[in-house]
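Quick notes on the structure that follows.
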Amino acid sequence: MAARLEETLDPEDWQAAARIAHGALDQAVAHLRDLRKRPPWQEMPEDVCAFFEGPLPRDPQPLEAVLRSVEEMVMPYPMGNGHPRFWAWYMGSGNLTGALADFLAAVQGSNLGGGRHAAALVEQQVVRWCKEMVGFPPTASGTLVSGGSIANLLALTVARNETAGIAVREVGLGALERPLRFYGSDQLHSCHRKAVETLGLGNCALRRIPSDPDFRLDLPALREAIAEDRAAGLRPACIIANAGTVNSGAIDDLPALAALAEQEGLWFHIDGCIGALIALAPHSCQLVAGLGRADSLALDPHKWLHAPFDVGCCLIRDASAHRAAFATTPEYLEEAPRGLAAADWLFELDLQMSRSFRALKVWMALKEQGAAKFGRLIEQNIAQARHLTRLIEASPFLRLMAPTTINIVCFRFEAEGLDEAELKILNREIMLRLQEEGLAVLSDTTLRGRHCLRVAICNHRTRSHDLEFLVAAILRLGQEIVAPLEKDPAGAGGGPTPGKWPSGPAR
Ligand SMILES: Cc1ncc(COP(=O)(O)O)c(C=O)c1O
C-alpha cells in the first residue's frame, strides 16, 4: 500500500514565508505610526460586516490573501484604544514592543501551566516585579491572569477559603455555619459582583457601603455594617478597597481600611486595577500609600503598563494560602527530580491550566522603557486630567460632576431649562457624535443618579492639545444640538423631548 503523504502546517518555502511575515510586520509598524491620522473609531461598512458572515473555509488560500483580508477588513476598524483621543471605559493603549513580544511569545510557544523552561522564569520575574512596583513583600505569591476581573476573582477565592472557618474546597459552602459577608463601597467594579456570585456566596454576600461625597468608602458606615452583621449572626470576612474607582477614580482610605480589617480580623483585598501602579508615579505615589498592607491585590498591566490585551496580575501576601486555594496535582503531572517537570507548576496558583506566555510583553516593555518611564507616563495622565478639569471649570457650559483625583474626569454639558433626563439625552448625543464624527471616544456613567460624560486618560499618546480639542468639540456639538431646540421650543417649558432631538433619542 502506498504511504499516505504526511502533512504539516509549516510553510513549504521558508524564504517566501519570511518575506510575507516581514511585509505584515512593516504594515503593523506603519499602522501604529499613523494612528493619529485615522479616526479613533469608525462605523464598519455593510460589506465588512457581511464579510464576517462567510462560511467555514474548507479549502486553502495563500497567506498573502488571508493577510490582505486582515489589512482591508480588520485593521481599519479597531476599537480605537490605541488612538491618542480614546478615553472610554478604562484600558491601556498598547505598545509596539508588547505587540512584538506577543508574536515572539507565540513563536516560542510555551505553555505557562508550568515546567522548567525560560517562559516560566520570565513569568515569575514579572510577578516579582509587580510585587516590587506596588510594595508587596518578596515572600508574597502571585500569578498573571487574563485581566482584572480574574485577578479579583482569584484573590476573593483565597479570601473566601481563608475566612470561611471550614475546608471549603473539601466540604463546600453548604457546611458554613454562618454566611460570609464581604464589604466594599457602592463604587466597586461590577466584576466583584460576578466574583461573589461565581464563588457561590451570592450577590447579597457583598454588602455595598454608601460612599462619601468624594466617592470613597465611608468608614463609619462600614464599621456599623460589620457590627450589625456580626450581631445578626453573619460572618464578616473581607473588605474590598478601591485604589481607583472605575466611575471617578476615587481612592479609598487604604491605611484606615487596612487597620480596620486588622482590628476586625477580616481579609483586606485591594482592587488596584486602575490605581495600584500609581505607586510608580514620582509625585502622586502617596495617593496609594498602604497598598503593601493588603492581604491580596489585583492589578492590571493591560491598563497603565499599556501591555496589549490581555494581562492582569493577582498578588497574595500569604503564599501558602494562595497555593492552598488552587493546588491539585493529578498523577499525570507529578513533579520530576530532573528535566522539564522539575519545577513548580504555575497552574497551582490559578484556575487555568494551559496558559499563554503573556508575561513576555510586560517583561520586554519594562526592560526597554524602565519602570520609571511608566511612572512618569502615569503622572503625565494625571496632570492631563487636571488640565482637562481646569478647562471644564473655566467653561460656563460645562460642569464637573466629581472631584478629579487621578486620571478620570466626570463632567457634562449643561443648558438652561433641561431636566436630568434631557441632560442625559443631550450628553449621550454629544458622546455619540464625537464617535461618529471620528473626533474622540469617551464613555458615560451615572453618579448618584446624575448622568455624565467620563474621560479616562490611560493613554501614553494623548497630548494636552487633544484635550483642548475635545472641549472645543463638545462645546460646538452641545450648542449645535441645543440651538434648533431653542428656536423651536417644545411644549410650555420650552425644554426638549426625546423625539425633538435632531437624531432621535439616544440609543
Ligand atoms: C477598578 C476595576 N476593577 C476591575 C476591572 C476589571 O478588569 P478587566 O477588564 O481587566 O477584567 C476594571 C476594568 O476596567 C476596573 O476598572
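Each chain in the C-alpha cells gets a letter, A, B and so on, in the order shown; residues start at 1 in every chain, and ligands are counted from 1 in the order they appear.
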Practice task
Do a neighbour search on A:Lys424 at 9 Å with only C-alpha atoms, toss out local chain neighbours closer than 6 positions, and write the hits as a VMD selection string.
Solution key: chain A and resid 412 450 to 452 506
Could the residues in this selection be saved with C-alpha atoms as a PDB file, in the first residue's frame?
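Generated file (out_16.pdb):
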```pdb
ATOM      1  CA  ARG A 412     -21.383  67.203  31.439  1.00  0.00           C
ATOM      2  CA  ARG A 450     -26.828  62.136  37.663  1.00  0.00           C
ATOM      3  CA  HIS A 451     -25.623  61.183  34.201  1.00  0.00           C
ATOM      4  CA  CYS A 452     -22.279  62.487  32.978  1.00  0.00           C
ATOM      5  CA  ALA A 506     -30.136  58.313  22.459  1.00  0.00           C
TER       6      ALA A 506
END
```
Practice task
Throw together the list of residues within 10 Å of ligand 1, counting only C-alpha atoms and all ligand atoms, and drop it here as an NGL selection string.
Solution key: :A and (89-92 or 145-153 or 187-192 or 241-250 or 270-276 or 298-303 or 309-313)
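If you count only C-alpha atoms and ignore residues fewer than 4 places along the chain from A:Glu437, what sits within 9 Å of it is Pro39, Trp41, Gln42, Leu432 and Arg433 of chain A.
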Exercise for the section: Once DSSP has gone over the backbone, tell me which residues of stretch 29-201 of chain A are in strand (DSSP E or B), as number ranges by chain. Expected result: A: 86, 114, 141-145, 180-185
Handout entry: Straight-line distance linking atom CA of A:Glu486 with atom CA of A:Ile474, stated in Å to one decimal
Key =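 Computing it gives 17.9 Å between the two atoms.
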Handout entry: Option closest in space to A:Asp350, from A:Leu398, A:Leu201, A:Ala325, A:Leu176 [counting only C-alpha atoms]
Key =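 Selected residue with least distance to A:Asp350: A:Ala325.
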Residues within 12 Å of A:Ser395, please, as a CSV table (one decimal) with C-alpha atoms, in the first residue's frame. Count only C-alpha atoms; anything in the same chain fewer than 2 positions from it doesn't count.
```
chain,number,residue,atom,x,y,z
A,388,LEU,CA,-9.0,69.0,31.4
A,389,THR,CA,-10.6,69.7,34.8
A,390,ARG,CA,-9.4,73.3,34.6
A,391,LEU,CA,-10.8,73.7,31.1
A,392,ILE,CA,-14.1,72.3,32.2
A,393,GLU,CA,-14.2,74.6,35.3
A,397,PHE,CA,-21.4,75.3,29.6
A,398,LEU,CA,-19.6,72.5,31.3
A,399,ARG,CA,-20.0,71.2,34.9
A,400,LEU,CA,-17.6,69.0,36.7
A,411,PHE,CA,-18.5,66.2,33.6
A,412,ARG,CA,-21.4,67.2,31.4
A,413,PHE,CA,-22.6,69.8,29.1
A,414,GLU,CA,-25.5,71.8,30.6
A,468,GLU,CA,-8.3,71.2,24.3
A,471,VAL,CA,-13.5,70.6,25.0
A,472,ALA,CA,-13.9,72.7,21.8
A,474,ILE,CA,-18.0,69.2,23.0
A,475,LEU,CA,-18.9,72.9,23.2
```
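Atom CA of A:Val127 lies 5.9 Å from atom CA of A:Gly142.
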Practice task
One decimal, Å: what's the distance from atom CA of A:Glu64 over to atom CA of A:Ile20, could you say?
Solution key: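 Interatomic distance, atom CA of A:Glu64 to atom CA of A:Ile20: 6.9 Å.
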Problem - Who sits within 10 Å of stretch 117-119 of chain A, only C-alpha atoms, same chain under 6 positions skipped, as a PyMOL selection string - result: chain A and resi 105+108-111+125+339-343+356-360
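Residues in contact with A:Leu377 at up to 9 Å, not including ones fewer than 2 positions away on its chain and judged by only C-alpha atoms, are Ala281, Trp304, Ala372, Lys373, Phe374, Gly375, Glu379, Gln380, Asn381, Ile382, Asn459 and His460 of chain A.
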Practice task
Would you please extract all alpha helix (DSSP H) residues from stretch 364-489 of chain A, as assigned by DSSP on the backbone, and give them as a ChimeraX atom specification?
Solution key: /A:364-369,371-394,420-436,464-487
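Nearest to A:Asp318 of all the residues A:Leu266, A:Val158, A:Val74, A:Leu280 is A:Val158, counting only C-alpha atoms.
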Practice task
List the neighbours of stretch 44-50 of chain A out to 9 Å using only C-alpha atoms; skip same-chain residues closer than 2 positions along the sequence, and give me the result as a VMD selection string.
Solution key: chain A and resid 42 52 to 54 72 to 74 76 to 77
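The residue that comes closest to A:Met133, out of A:Ala321, A:Pro179, A:Val482, A:Leu277 and on the basis of only C-alpha atoms, is A:Leu277.
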Exercise for the section: Tell me which of A:Leu485, A:Leu121, A:Leu470, A:Leu442 sits closest to A:Ala415, counting only C-alpha atoms. Expected result: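 Counting only C-alpha atoms, the residue closest to A:Ala415 is A:Leu485.
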Exercise for the section: Could you tell me which of A:Leu154, A:Ala473, A:Leu305, A:Ala88 comes closest to A:Thr445 if we count only C-alpha atoms? Expected result: A:Ala88
